[in-house]
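Student: For reference, this is data09.cif, and it has mmCIF, C-alpha atoms (C1' of nucleotides).
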```
data_upload
loop_
_atom_site.label_atom_id
_atom_site.label_comp_id
_atom_site.auth_asym_id
_atom_site.auth_seq_id
_atom_site.Cartn_x
_atom_site.Cartn_y
_atom_site.Cartn_z
CA MET A 1 -3.05 -2.24 1.38
CA SER A 2 -1.10 -1.15 4.42
CA GLY A 3 -2.85 2.14 4.20
CA ASP A 4 -4.93 2.36 7.34
CA CYS A 5 -2.25 3.78 9.57
CA HIS A 6 0.53 6.31 9.81
CA HIS A 7 3.46 3.97 10.10
CA HIS A 8 4.43 3.76 6.47
CA GLY A 9 7.82 2.25 6.04
CA GLU A 10 8.17 1.16 9.64
CA HIS A 11 6.74 -2.31 9.27
CA ASP A 12 9.00 -5.31 9.40
CA HIS A 13 7.88 -8.35 7.50
CA HIS A 14 8.97 -11.74 6.41
CA GLY A 15 9.11 -12.28 2.66
CA LEU A 16 11.51 -14.97 1.50
CA ARG A 17 14.73 -14.09 -0.31
CA GLY A 18 17.59 -15.89 -1.99
CA TYR A 19 18.20 -19.43 -0.79
CA ALA A 20 15.12 -19.58 1.42
CA LEU A 21 12.99 -18.66 -1.56
CA ALA A 22 14.70 -21.17 -3.80
CA ARG A 23 14.26 -23.90 -1.22
CA ALA A 24 10.58 -23.14 -0.80
CA LEU A 25 10.03 -23.26 -4.54
CA GLU A 26 11.93 -26.51 -4.81
CA ALA A 27 9.86 -28.01 -2.03
CA ALA A 28 6.69 -26.98 -3.84
CA GLY A 29 7.99 -28.57 -7.01
CA ALA A 30 8.67 -31.78 -5.14
CA ARG A 31 5.21 -31.86 -3.64
CA CYS A 32 3.73 -31.38 -7.09
CA ALA A 33 5.79 -34.19 -8.52
CA ASP A 34 4.48 -36.46 -5.78
CA THR A 35 0.92 -35.82 -6.78
CA GLN A 36 1.22 -35.77 -10.55
CA GLU A 37 0.60 -32.08 -10.62
CA ARG A 38 2.67 -29.72 -12.69
CA LEU A 39 4.30 -26.62 -11.28
CA THR A 40 4.42 -24.86 -14.62
CA ARG A 41 6.10 -21.58 -15.35
CA PRO A 42 3.24 -19.19 -14.56
CA ARG A 43 2.29 -21.15 -11.44
CA ARG A 44 5.83 -21.15 -10.22
CA ARG A 45 6.23 -17.48 -10.95
CA VAL A 46 3.09 -16.51 -9.04
CA LEU A 47 4.11 -18.67 -6.11
CA GLU A 48 7.54 -17.02 -6.16
CA LEU A 49 5.98 -13.56 -6.04
CA LEU A 50 3.76 -14.57 -3.14
CA LEU A 51 6.61 -16.11 -1.19
CA ALA A 52 8.82 -13.09 -1.70
CA ALA A 53 6.16 -10.62 -0.68
CA ASP A 54 6.03 -8.90 2.67
CA ALA A 55 2.26 -8.82 2.83
CA PRO A 56 -0.82 -10.17 1.11
CA LEU A 57 -0.77 -9.42 -2.61
CA LYS A 58 -3.75 -8.50 -4.73
CA ALA A 59 -4.28 -10.26 -8.02
CA TYR A 60 -3.44 -7.08 -9.90
CA ASP A 61 -0.25 -6.63 -7.88
CA LEU A 62 0.77 -10.03 -9.17
CA ILE A 63 -0.31 -9.13 -12.67
CA ALA A 64 1.76 -5.96 -12.57
CA SER A 65 4.93 -7.55 -11.24
CA TYR A 66 4.68 -10.80 -13.14
CA GLY A 67 7.15 -10.07 -15.91
CA ASP A 68 10.90 -10.13 -15.36
CA ARG A 69 11.28 -6.73 -16.95
CA GLY A 70 8.09 -5.04 -15.96
CA GLU A 71 5.74 -6.45 -18.57
CA PRO A 72 2.48 -7.28 -16.85
CA ALA A 73 0.72 -10.62 -17.19
CA LYS A 74 -2.76 -11.01 -18.56
CA PRO A 75 -5.34 -11.42 -15.79
CA PRO A 76 -6.35 -15.01 -16.59
CA THR A 77 -2.73 -16.11 -16.35
CA VAL A 78 -2.55 -15.01 -12.76
CA TYR A 79 -6.05 -16.03 -11.74
CA ARG A 80 -5.49 -19.51 -13.10
CA ALA A 81 -2.21 -19.83 -11.28
CA LEU A 82 -3.85 -18.67 -8.06
CA GLU A 83 -6.63 -21.18 -8.47
CA PHE A 84 -4.07 -23.93 -8.85
CA LEU A 85 -2.02 -22.78 -5.88
CA GLU A 86 -5.11 -22.63 -3.71
CA ARG A 87 -6.24 -26.04 -4.83
CA LEU A 88 -2.94 -27.56 -3.82
CA GLY A 89 -2.77 -25.64 -0.58
CA PHE A 90 0.23 -23.51 -1.56
CA ALA A 91 -1.69 -20.30 -1.18
CA HIS A 92 -4.75 -18.89 0.49
CA ARG A 93 -7.12 -16.21 -0.57
CA ILE A 94 -8.00 -13.72 2.12
CA GLU A 95 -11.57 -12.88 1.30
CA SER A 96 -11.86 -9.72 3.30
CA LEU A 97 -8.87 -8.23 1.49
CA ASN A 98 -9.29 -9.67 -1.99
CA ALA A 99 -5.70 -10.72 -1.60
CA TYR A 100 -3.47 -13.77 -1.51
CA VAL A 101 -0.76 -15.14 0.72
CA PRO A 102 1.45 -18.20 0.48
CA CYS A 103 0.51 -20.93 2.90
CA ARG A 104 2.85 -20.76 5.88
CA ILE A 105 1.58 -23.84 7.66
CA GLU A 106 2.41 -27.11 6.02
CA GLY A 107 -0.63 -29.26 5.55
CA ALA A 108 -3.15 -26.75 6.87
CA HIS A 109 -6.23 -26.99 4.73
CA MET A 110 -8.36 -24.73 6.83
CA ALA A 111 -6.99 -21.25 6.88
CA ALA A 112 -7.19 -18.77 9.69
CA PHE A 113 -5.64 -15.32 9.71
CA LEU A 114 -4.93 -12.49 12.05
CA ILE A 115 -4.92 -9.46 9.81
CA CYS A 116 -3.48 -6.17 10.96
CA ASP A 117 -5.47 -3.20 9.67
CA CYS A 118 -2.44 -1.04 10.18
CA CYS A 119 0.55 -2.76 8.65
CA GLY A 120 -1.35 -5.20 6.48
CA GLU A 121 0.37 -8.21 7.92
CA ALA A 122 -1.68 -11.39 7.71
CA ALA A 123 -0.44 -13.96 10.19
CA GLU A 124 -1.66 -17.45 9.51
CA PHE A 125 -2.45 -19.43 12.59
CA GLU A 126 -3.89 -22.81 13.29
CA PRO A 127 -6.91 -22.63 15.51
CA ASP A 128 -8.79 -25.61 16.78
CA PHE A 129 -11.57 -25.97 14.26
CA ALA A 130 -12.90 -29.15 15.79
CA PRO A 131 -15.83 -27.45 17.57
CA HIS A 132 -16.90 -25.76 14.36
CA VAL A 133 -16.62 -28.92 12.37
CA ALA A 134 -18.69 -30.65 15.01
CA ALA A 135 -21.28 -27.88 14.92
CA ALA A 136 -21.53 -28.17 11.13
CA GLN A 137 -22.00 -31.91 11.37
CA ALA A 138 -24.61 -31.50 14.05
CA ALA A 139 -26.51 -29.29 11.62
CA GLY A 140 -26.34 -32.04 9.02
CA TYR A 141 -23.79 -30.15 7.06
CA GLU A 142 -21.10 -31.63 4.85
CA LEU A 143 -18.13 -29.33 5.22
CA ARG A 144 -15.79 -28.55 2.36
CA ARG A 145 -13.92 -25.45 3.31
CA LEU A 146 -13.64 -23.16 6.27
CA THR A 147 -11.98 -19.82 6.67
CA LEU A 148 -11.61 -17.55 9.62
CA GLU A 149 -10.44 -13.97 9.31
CA ALA A 150 -9.77 -11.79 12.31
CA ARG A 151 -9.14 -8.10 11.82
CA GLY A 152 -7.48 -5.77 14.24
CA LEU A 153 -4.11 -4.38 15.25
CA CYS A 154 -0.97 -6.43 15.64
CA ALA A 155 1.29 -6.05 18.65
CA GLY A 156 3.80 -3.90 16.79
CA CYS A 157 1.25 -1.45 15.52
CA ARG A 158 -0.48 -1.15 18.88
CA ALA A 159 2.80 -0.20 20.53
CA ARG A 160 3.63 2.58 18.10
CA MET B 1 -25.87 -17.65 -6.57
CA SER B 2 -27.71 -20.87 -5.96
CA GLY B 3 -26.23 -22.13 -9.16
CA ASP B 4 -23.89 -24.91 -8.10
CA CYS B 5 -26.47 -27.66 -8.09
CA HIS B 6 -29.37 -29.13 -9.99
CA HIS B 7 -32.13 -28.46 -7.52
CA HIS B 8 -33.37 -25.17 -8.88
CA GLY B 9 -36.71 -24.28 -7.44
CA GLU B 10 -36.69 -26.99 -4.83
CA HIS B 11 -35.09 -25.03 -2.04
CA ASP B 12 -37.15 -23.85 0.89
CA HIS B 13 -36.01 -20.74 2.61
CA HIS B 14 -36.99 -18.26 5.21
CA GLY B 15 -37.42 -14.70 3.94
CA LEU B 16 -39.77 -12.56 5.98
CA ARG B 17 -43.17 -11.51 4.65
CA GLY B 18 -46.06 -9.35 5.73
CA TYR B 19 -46.37 -8.78 9.46
CA ALA B 20 -43.13 -10.53 10.32
CA LEU B 21 -41.29 -8.21 7.96
CA ALA B 22 -43.05 -5.15 9.31
CA ARG B 23 -42.27 -6.15 12.86
CA ALA B 24 -38.60 -6.68 12.08
CA LEU B 25 -38.35 -3.28 10.43
CA GLU B 26 -40.10 -1.64 13.33
CA ALA B 27 -37.74 -3.30 15.77
CA ALA B 28 -34.78 -2.02 13.77
CA GLY B 29 -36.25 1.45 13.81
CA ALA B 30 -36.62 1.26 17.57
CA ARG B 31 -33.04 0.15 18.04
CA CYS B 32 -31.87 3.07 15.92
CA ALA B 33 -33.91 5.52 17.92
CA ASP B 34 -32.26 4.22 21.07
CA THR B 35 -28.81 5.00 19.76
CA GLN B 36 -29.44 8.30 18.01
CA GLU B 37 -29.02 6.68 14.65
CA ARG B 38 -31.36 7.32 11.76
CA LEU B 39 -33.02 4.54 9.81
CA THR B 40 -33.52 6.67 6.74
CA ARG B 41 -35.41 5.69 3.65
CA PRO B 42 -32.61 4.02 1.65
CA ARG B 43 -31.32 2.24 4.74
CA ARG B 44 -34.75 0.99 5.61
CA ARG B 45 -35.40 -0.10 2.06
CA VAL B 46 -32.16 -2.08 1.81
CA LEU B 47 -32.83 -3.73 5.15
CA GLU B 48 -36.32 -4.62 3.96
CA LEU B 49 -34.94 -6.26 0.82
CA LEU B 50 -32.43 -8.25 2.86
CA LEU B 51 -35.04 -9.40 5.36
CA ALA B 52 -37.45 -10.45 2.64
CA ALA B 53 -34.83 -12.38 0.71
CA ASP B 54 -34.53 -16.14 0.72
CA ALA B 55 -30.78 -16.13 0.40
CA PRO B 56 -27.77 -13.82 0.54
CA LEU B 57 -28.15 -10.89 -1.83
CA LYS B 58 -25.40 -9.29 -3.87
CA ALA B 59 -25.07 -5.55 -3.85
CA TYR B 60 -26.22 -5.40 -7.45
CA ASP B 61 -29.24 -7.54 -6.67
CA LEU B 62 -30.19 -4.87 -4.18
CA ILE B 63 -29.44 -2.14 -6.68
CA ALA B 64 -31.65 -3.80 -9.25
CA SER B 65 -34.61 -4.41 -6.98
CA TYR B 66 -34.36 -1.20 -5.00
CA GLY B 67 -37.09 0.79 -6.70
CA ASP B 68 -40.79 0.15 -6.08
CA ARG B 69 -41.46 -0.03 -9.78
CA GLY B 70 -38.29 -1.55 -11.10
CA GLU B 71 -36.10 1.54 -11.23
CA PRO B 72 -32.65 0.55 -9.99
CA ALA B 73 -30.76 2.49 -7.34
CA LYS B 74 -27.40 4.06 -7.91
CA PRO B 75 -24.57 1.92 -6.50
CA PRO B 76 -23.45 4.34 -3.79
CA THR B 77 -26.97 4.48 -2.40
CA VAL B 78 -26.93 0.79 -1.70
CA TYR B 79 -23.32 0.52 -0.61
CA ARG B 80 -23.80 3.32 1.89
CA ALA B 81 -26.89 1.70 3.28
CA LEU B 82 -25.07 -1.61 3.60
CA GLU B 83 -22.20 0.06 5.39
CA PHE B 84 -24.66 1.54 7.86
CA LEU B 85 -26.50 -1.72 8.38
CA GLU B 86 -23.26 -3.56 9.00
CA ARG B 87 -22.05 -0.92 11.40
CA LEU B 88 -25.19 -1.27 13.48
CA GLY B 89 -25.18 -5.03 13.28
CA PHE B 90 -28.34 -5.31 11.21
CA ALA B 91 -26.57 -7.06 8.38
CA HIS B 92 -23.47 -9.03 7.65
CA ARG B 93 -21.32 -9.20 4.60
CA ILE B 94 -20.35 -12.71 3.54
CA GLU B 95 -16.92 -12.18 2.12
CA SER B 96 -16.61 -15.40 0.21
CA LEU B 97 -19.82 -14.64 -1.67
CA ASN B 98 -19.62 -10.87 -2.03
CA ALA B 99 -23.11 -10.93 -0.62
CA TYR B 100 -25.16 -9.70 2.30
CA VAL B 101 -27.60 -11.18 4.77
CA PRO B 102 -29.66 -9.65 7.55
CA CYS B 103 -28.37 -10.50 10.99
CA ARG B 104 -30.43 -13.34 12.41
CA ILE B 105 -28.86 -13.41 15.83
CA GLU B 106 -29.67 -10.51 18.05
CA GLY B 107 -26.56 -8.94 19.46
CA ALA B 108 -24.08 -11.13 17.63
CA HIS B 109 -21.15 -8.98 16.59
CA MET B 110 -18.99 -11.78 15.37
CA ALA B 111 -20.53 -13.48 12.43
CA ALA B 112 -20.24 -17.12 11.50
CA PHE B 113 -21.98 -18.81 8.61
CA LEU B 114 -22.63 -22.23 7.23
CA ILE B 115 -23.01 -21.64 3.52
CA CYS B 116 -24.51 -24.25 1.25
CA ASP B 117 -22.80 -24.36 -2.15
CA CYS B 118 -25.90 -25.98 -3.56
CA CYS B 119 -28.91 -23.97 -2.46
CA GLY B 120 -27.08 -20.82 -1.47
CA GLU B 121 -28.50 -20.81 2.03
CA ALA B 122 -26.31 -19.05 4.56
CA ALA B 123 -27.18 -20.12 8.08
CA GLU B 124 -25.82 -17.85 10.73
CA PHE B 125 -24.68 -19.64 13.82
CA GLU B 126 -22.98 -18.63 17.01
CA PRO B 127 -19.82 -20.54 17.60
CA ASP B 128 -17.64 -20.20 20.65
CA PHE B 129 -15.10 -17.64 19.56
CA ALA B 130 -13.46 -17.46 22.96
CA PRO B 131 -10.48 -19.66 21.99
CA HIS B 132 -9.79 -17.54 18.93
CA VAL B 133 -10.10 -14.33 20.87
CA ALA B 134 -7.70 -15.77 23.41
CA ALA B 135 -5.28 -16.81 20.68
CA ALA B 136 -5.36 -13.32 19.21
CA GLN B 137 -4.67 -11.77 22.59
CA ALA B 138 -1.85 -14.19 23.19
CA ALA B 139 -0.31 -12.95 19.97
CA GLY B 140 -0.55 -9.39 21.21
CA TYR B 141 -3.38 -8.67 18.88
CA GLU B 142 -6.15 -6.16 19.44
CA LEU B 143 -9.21 -7.72 17.84
CA ARG B 144 -11.81 -5.65 16.05
CA ARG B 145 -13.77 -8.02 13.90
CA LEU B 146 -13.90 -11.71 13.27
CA THR B 147 -15.71 -13.70 10.63
CA LEU B 148 -15.92 -17.39 10.01
CA GLU B 149 -17.31 -18.83 6.81
CA ALA B 150 -17.83 -22.53 6.30
CA ARG B 151 -18.69 -23.83 2.84
CA GLY B 152 -20.28 -27.14 2.03
CA LEU B 153 -23.61 -28.83 1.54
CA CYS B 154 -26.59 -28.40 3.81
CA ALA B 155 -28.59 -31.36 5.05
CA GLY B 156 -31.38 -30.84 2.54
CA CYS B 157 -29.09 -30.71 -0.46
CA ARG B 158 -27.11 -33.73 0.65
CA ALA B 159 -30.29 -35.77 0.86
CA ARG B 160 -31.51 -34.93 -2.61
"C1'" DG C 1 7.50 -42.71 -32.78
"C1'" DT C 2 2.92 -40.98 -33.41
"C1'" DC C 3 -1.61 -40.13 -32.68
"C1'" DA C 4 -5.63 -38.93 -29.68
"C1'" DG C 5 -7.07 -36.93 -25.64
"C1'" DA C 6 -6.32 -34.09 -21.66
"C1'" DA C 7 -4.34 -30.34 -19.42
"C1'" DG C 8 -2.34 -25.91 -19.68
"C1'" DT C 9 -1.46 -21.35 -21.80
"C1'" DG C 10 -2.10 -16.94 -24.58
"C1'" DT C 11 -5.16 -13.47 -25.94
"C1'" DT C 12 -9.17 -10.50 -26.60
"C1'" DA C 13 -12.98 -8.88 -24.67
"C1'" DT C 14 -16.40 -8.20 -21.27
"C1'" DG C 15 -18.79 -8.54 -16.95
"C1'" DA C 16 -19.30 -7.72 -11.92
"C1'" DA C 17 -18.11 -5.30 -7.65
"C1'" DA C 18 -16.84 -1.13 -5.36
"C1'" DT C 19 -15.50 3.67 -4.67
"C1'" DA C 20 -14.06 8.77 -5.66
"C1'" DA C 21 -15.60 13.22 -5.93
"C1'" DC C 22 -18.62 16.80 -5.56
"C1'" DA C 23 -23.19 18.98 -5.45
"C1'" DT C 24 -27.54 19.17 -2.89
"C1'" DA C 25 -30.79 18.31 0.80
"C1'" DA C 26 -32.16 17.29 5.64
"C1'" DC C 27 -31.65 17.11 10.29
"C1'" DT C 28 -30.11 19.15 14.97
"C1'" DT C 29 -28.72 22.46 18.17
"C1'" DG C 30 -27.19 26.67 19.88
"C1'" DC D 1 -32.78 30.89 11.77
"C1'" DA D 2 -27.95 30.26 10.88
"C1'" DA D 3 -23.91 27.12 11.20
"C1'" DG D 4 -22.37 22.63 11.40
"C1'" DT D 5 -23.04 17.94 10.62
"C1'" DT D 6 -24.96 13.99 8.58
"C1'" DA D 7 -27.06 11.90 4.74
"C1'" DT D 8 -28.35 11.66 -0.10
"C1'" DG D 9 -28.17 12.17 -5.37
"C1'" DT D 10 -25.44 11.79 -9.37
"C1'" DT D 11 -21.60 11.18 -12.66
"C1'" DA D 12 -17.69 8.89 -13.55
"C1'" DT D 13 -14.10 5.78 -12.76
"C1'" DT D 14 -11.46 2.15 -10.70
"C1'" DT D 15 -10.80 -2.41 -9.19
"C1'" DC D 16 -11.65 -7.28 -9.40
"C1'" DA D 17 -12.74 -11.46 -12.02
"C1'" DT D 18 -14.21 -14.49 -15.80
"C1'" DA D 19 -15.99 -16.00 -20.63
"C1'" DA D 20 -14.64 -17.71 -24.87
"C1'" DC D 21 -11.70 -19.54 -28.17
"C1'" DA D 22 -7.34 -20.55 -30.50
"C1'" DC D 23 -3.05 -22.73 -29.75
"C1'" DT D 24 0.52 -25.44 -27.39
"C1'" DT D 25 2.40 -29.00 -24.44
"C1'" DC D 26 2.22 -33.01 -22.00
"C1'" DT D 27 0.77 -38.08 -21.46
"C1'" DG D 28 -0.18 -42.67 -22.44
"C1'" DA D 29 -1.91 -46.32 -25.74
"C1'" DC D 30 -0.76 -48.41 -29.58
#
```
Could you render the structure as structure tokens?
Tutor:
Amino acid sequence: MSGDCHHHGEHDHHGLRGYALARALEAAGARCADTQERLTRPRRRVLELLLAADAPLKAYDLIASYGDRGEPAKPPTVYRALEFLERLGFAHRIESLNAYVPCRIEGAHMAAFLICDCCGEAAEFEPDFAPHVAAAQAAGYELRRLTLEARGLCAGCRAR
Amino acid sequence: MSGDCHHHGEHDHHGLRGYALARALEAAGARCADTQERLTRPRRRVLELLLAADAPLKAYDLIASYGDRGEPAKPPTVYRALEFLERLGFAHRIESLNAYVPCRIEGAHMAAFLICDCCGEAAEFEPDFAPHVAAAQAAGYELRRLTLEARGLCAGCRAR
DNA sequence: GTCAGAAGTGTTATGAAATAACATAACTTG
DNA sequence: CAAGTTATGTTATTTCATAACACTTCTGAC
């Protein structure tokens, strides 16, 4: 994952811990309740792992760390949970990494990421997609989803 | 691939044939010669398959149809060729499909696609990436690559 | 309550996508 | 032509994702 550079162990990230994590999970539960969706145990667990992580997680990272005491999950358990989390906008898949991150921007349905090839950080940002939406419409296109992934080096890794 | 709809066989596409294909391959060869790169046999063959195709091709589609008389290629043969073609800008990988298309826009290094979930068509277009590049720079980011993938329904499939 | 349907989960197995590692061949350039 | 580099051939393996089916848990109508 964060393997393209020589800064192992020097990267500072932003995974949620303790109260912040609990609050985020509770908020997700509340949003589910609003929409008649169920934040079941495996879904909640996968979301928890994503929120606590310092970087995008691969499906098999989630599978490996799913159990409380090291027992892995079965793949479908995790893939189903991810599908749910994506559908509700709690998580995004980063296609160019085959990895997942929790959604950091409330209500953002179109995901855009700045991905650092060095430290693996994937910063979600909110670009103005209006021109692209307009271009799609001009082409007669009915748009359903849109993702933008930018790869490069983050400020921290450039400086080092 | 084009399996999300009920219009099988009704989709019109744009793969190159005959002279057009030959011309495109020749042009690619010329561009390689300019830059001291070698358009070797497997690279040329993979590019030919991409150019002739009516839709994005998966790596294993290429592997299967690689041989003149039905003999498949070995995976590394095709993956190496694809890596080369991407590096030189002759092809793009569409991350959300795990598939490849020939580059249809001369000199476009940043790829953007309108992908139809119905017919599988992937139309390359050239959006204005300047705002995103600016946003990345504002964040201290050194940009290397950028891809945008929009999913939805093309005009033809909406009409049907 | 309880029954029928829908939604979700557990489990086994398999399929699809990509790469590691190492041996061989082909170009280039001094 | 010899040494270095670049590309290919080949075997094996790893990584990523889903199919299929049995079982459980919710939900709402009665």
Student: Take the PyMOL selection byres ((chain A) within 10 of (chain D)), run it mentally on this structure, and tell me the resulting residues as a PyMOL selection string.
Tutor: chain A and resi 38+58-60+75-76+79+98
Student: Find the residues of chain A that sit at most 9 Å from chain C; for each, write down the nearest two atoms and how far apart they are in Å, to one decimal. Count all atoms listed in the file. Sort by chain, then by number going up, and give it as a tab-separated table.
Tutor:
```
residue	atom	partner	partner_atom	distance
A:Thr40	CA	C:DG8	C1'	8.5
A:Pro42	CA	C:DT9	C1'	8.9
A:Lys74	CA	C:DT11	C1'	8.1
A:Thr77	CA	C:DT9	C1'	7.7
```
Student: Looking at all atoms listed in the file, which of A:Gly140, A:Gly120, A:Gly156, A:Gly67 is the one that sits closest to chain B?
Tutor: A:Gly140
Student: What does chain A look like after a least-squares fit onto chain B on every Cα paired in order, written as a compact mmCIF listing (two decimals) with C-alpha atoms, keeping the file's coordinate frame?
Tutor:
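Output file part-v4.txt follows:
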```txt
# COMPACT_ATOMS: atom_id res chain seq x y z
CA MET A 1 -25.96 -17.61 -6.57
CA SER A 2 -27.70 -20.90 -5.98
CA GLY A 3 -26.16 -22.14 -9.14
CA ASP A 4 -23.84 -24.92 -8.08
CA CYS A 5 -26.39 -27.68 -8.08
CA HIS A 6 -29.28 -29.20 -9.97
CA HIS A 7 -32.04 -28.52 -7.52
CA HIS A 8 -33.30 -25.26 -8.91
CA GLY A 9 -36.63 -24.35 -7.48
CA GLU A 10 -36.62 -27.05 -4.83
CA HIS A 11 -35.04 -25.04 -2.06
CA ASP A 12 -37.11 -23.88 0.85
CA HIS A 13 -35.99 -20.74 2.58
CA HIS A 14 -36.99 -18.26 5.17
CA GLY A 15 -37.41 -14.69 3.94
CA LEU A 16 -39.75 -12.54 6.00
CA ARG A 17 -43.15 -11.50 4.67
CA GLY A 18 -46.04 -9.33 5.74
CA TYR A 19 -46.36 -8.78 9.48
CA ALA A 20 -43.10 -10.51 10.35
CA LEU A 21 -41.28 -8.20 7.99
CA ALA A 22 -43.03 -5.14 9.34
CA ARG A 23 -42.23 -6.14 12.89
CA ALA A 24 -38.58 -6.68 12.10
CA LEU A 25 -38.34 -3.29 10.44
CA GLU A 26 -40.08 -1.64 13.36
CA ALA A 27 -37.70 -3.30 15.78
CA ALA A 28 -34.75 -2.02 13.77
CA GLY A 29 -36.23 1.46 13.83
CA ALA A 30 -36.58 1.26 17.59
CA ARG A 31 -33.00 0.14 18.05
CA CYS A 32 -31.84 3.04 15.92
CA ALA A 33 -33.86 5.50 17.93
CA ASP A 34 -32.21 4.19 21.08
CA THR A 35 -28.78 4.96 19.74
CA GLN A 36 -29.40 8.26 18.00
CA GLU A 37 -28.99 6.64 14.65
CA ARG A 38 -31.35 7.28 11.79
CA LEU A 39 -33.02 4.52 9.84
CA THR A 40 -33.51 6.65 6.76
CA ARG A 41 -35.42 5.70 3.67
CA PRO A 42 -32.64 4.03 1.67
CA ARG A 43 -31.32 2.23 4.75
CA ARG A 44 -34.75 0.97 5.61
CA ARG A 45 -35.40 -0.10 2.07
CA VAL A 46 -32.17 -2.08 1.81
CA LEU A 47 -32.82 -3.73 5.15
CA GLU A 48 -36.33 -4.62 3.96
CA LEU A 49 -34.95 -6.25 0.82
CA LEU A 50 -32.45 -8.24 2.85
CA LEU A 51 -35.04 -9.39 5.35
CA ALA A 52 -37.44 -10.45 2.64
CA ALA A 53 -34.84 -12.36 0.69
CA ASP A 54 -34.53 -16.12 0.69
CA ALA A 55 -30.77 -16.11 0.37
CA PRO A 56 -27.77 -13.81 0.51
CA LEU A 57 -28.17 -10.87 -1.85
CA LYS A 58 -25.44 -9.27 -3.89
CA ALA A 59 -25.09 -5.52 -3.89
CA TYR A 60 -26.25 -5.37 -7.49
CA ASP A 61 -29.28 -7.52 -6.69
CA LEU A 62 -30.22 -4.85 -4.18
CA ILE A 63 -29.49 -2.12 -6.67
CA ALA A 64 -31.71 -3.78 -9.25
CA SER A 65 -34.67 -4.37 -6.97
CA TYR A 66 -34.40 -1.18 -4.98
CA GLY A 67 -37.13 0.82 -6.68
CA ASP A 68 -40.81 0.17 -6.05
CA ARG A 69 -41.51 -0.01 -9.76
CA GLY A 70 -38.34 -1.51 -11.07
CA GLU A 71 -36.14 1.56 -11.23
CA PRO A 72 -32.71 0.59 -9.98
CA ALA A 73 -30.81 2.52 -7.34
CA LYS A 74 -27.44 4.08 -7.92
CA PRO A 75 -24.62 1.95 -6.51
CA PRO A 76 -23.49 4.37 -3.79
CA THR A 77 -27.01 4.49 -2.39
CA VAL A 78 -26.95 0.79 -1.71
CA TYR A 79 -23.33 0.53 -0.64
CA ARG A 80 -23.81 3.32 1.87
CA ALA A 81 -26.90 1.70 3.27
CA LEU A 82 -25.07 -1.61 3.57
CA GLU A 83 -22.20 0.05 5.37
CA PHE A 84 -24.63 1.53 7.85
CA LEU A 85 -26.48 -1.73 8.36
CA GLU A 86 -23.24 -3.57 8.96
CA ARG A 87 -22.02 -0.94 11.37
CA LEU A 88 -25.14 -1.29 13.46
CA GLY A 89 -25.14 -5.06 13.26
CA PHE A 90 -28.32 -5.32 11.18
CA ALA A 91 -26.55 -7.05 8.35
CA HIS A 92 -23.45 -9.03 7.60
CA ARG A 93 -21.32 -9.22 4.54
CA ILE A 94 -20.35 -12.71 3.50
CA GLU A 95 -16.91 -12.19 2.07
CA SER A 96 -16.63 -15.41 0.16
CA LEU A 97 -19.84 -14.65 -1.73
CA ASN A 98 -19.63 -10.88 -2.08
CA ALA A 99 -23.11 -10.92 -0.66
CA TYR A 100 -25.16 -9.69 2.27
CA VAL A 101 -27.60 -11.17 4.74
CA PRO A 102 -29.65 -9.65 7.52
CA CYS A 103 -28.37 -10.48 10.97
CA ARG A 104 -30.46 -13.31 12.38
CA ILE A 105 -28.88 -13.40 15.81
CA GLU A 106 -29.67 -10.48 18.03
CA GLY A 107 -26.56 -8.91 19.45
CA ALA A 108 -24.08 -11.12 17.62
CA HIS A 109 -21.18 -8.96 16.58
CA MET A 110 -19.01 -11.76 15.36
CA ALA A 111 -20.56 -13.49 12.42
CA ALA A 112 -20.26 -17.11 11.50
CA PHE A 113 -21.98 -18.80 8.59
CA LEU A 114 -22.65 -22.22 7.22
CA ILE A 115 -23.01 -21.64 3.51
CA CYS A 116 -24.52 -24.25 1.25
CA ASP A 117 -22.81 -24.38 -2.14
CA CYS A 118 -25.90 -25.98 -3.55
CA CYS A 119 -28.91 -23.98 -2.48
CA GLY A 120 -27.07 -20.84 -1.47
CA GLU A 121 -28.49 -20.80 2.00
CA ALA A 122 -26.30 -19.04 4.54
CA ALA A 123 -27.19 -20.11 8.05
CA GLU A 124 -25.84 -17.83 10.73
CA PHE A 125 -24.69 -19.61 13.82
CA GLU A 126 -23.02 -18.59 17.01
CA PRO A 127 -19.84 -20.49 17.60
CA ASP A 128 -17.70 -20.14 20.66
CA PHE A 129 -15.13 -17.61 19.58
CA ALA A 130 -13.51 -17.42 22.98
CA PRO A 131 -10.53 -19.64 22.04
CA HIS A 132 -9.83 -17.53 18.99
CA VAL A 133 -10.10 -14.32 20.89
CA ALA A 134 -7.73 -15.76 23.46
CA ALA A 135 -5.31 -16.83 20.74
CA ALA A 136 -5.36 -13.33 19.24
CA GLN A 137 -4.67 -11.79 22.62
CA ALA A 138 -1.87 -14.22 23.26
CA ALA A 139 -0.30 -13.00 20.03
CA GLY A 140 -0.54 -9.43 21.28
CA TYR A 141 -3.34 -8.70 18.93
CA GLU A 142 -6.13 -6.19 19.46
CA LEU A 143 -9.17 -7.73 17.85
CA ARG A 144 -11.78 -5.67 16.06
CA ARG A 145 -13.73 -8.04 13.91
CA LEU A 146 -13.89 -11.73 13.26
CA THR A 147 -15.69 -13.72 10.63
CA LEU A 148 -15.93 -17.40 10.01
CA GLU A 149 -17.31 -18.84 6.80
CA ALA A 150 -17.85 -22.53 6.30
CA ARG A 151 -18.71 -23.84 2.87
CA GLY A 152 -20.29 -27.14 2.06
CA LEU A 153 -23.63 -28.84 1.58
CA CYS A 154 -26.61 -28.39 3.84
CA ALA A 155 -28.63 -31.35 5.08
CA GLY A 156 -31.40 -30.82 2.54
CA CYS A 157 -29.10 -30.70 -0.43
CA ARG A 158 -27.11 -33.73 0.70
CA ALA A 159 -30.29 -35.79 0.89
CA ARG A 160 -31.47 -34.97 -2.61
```
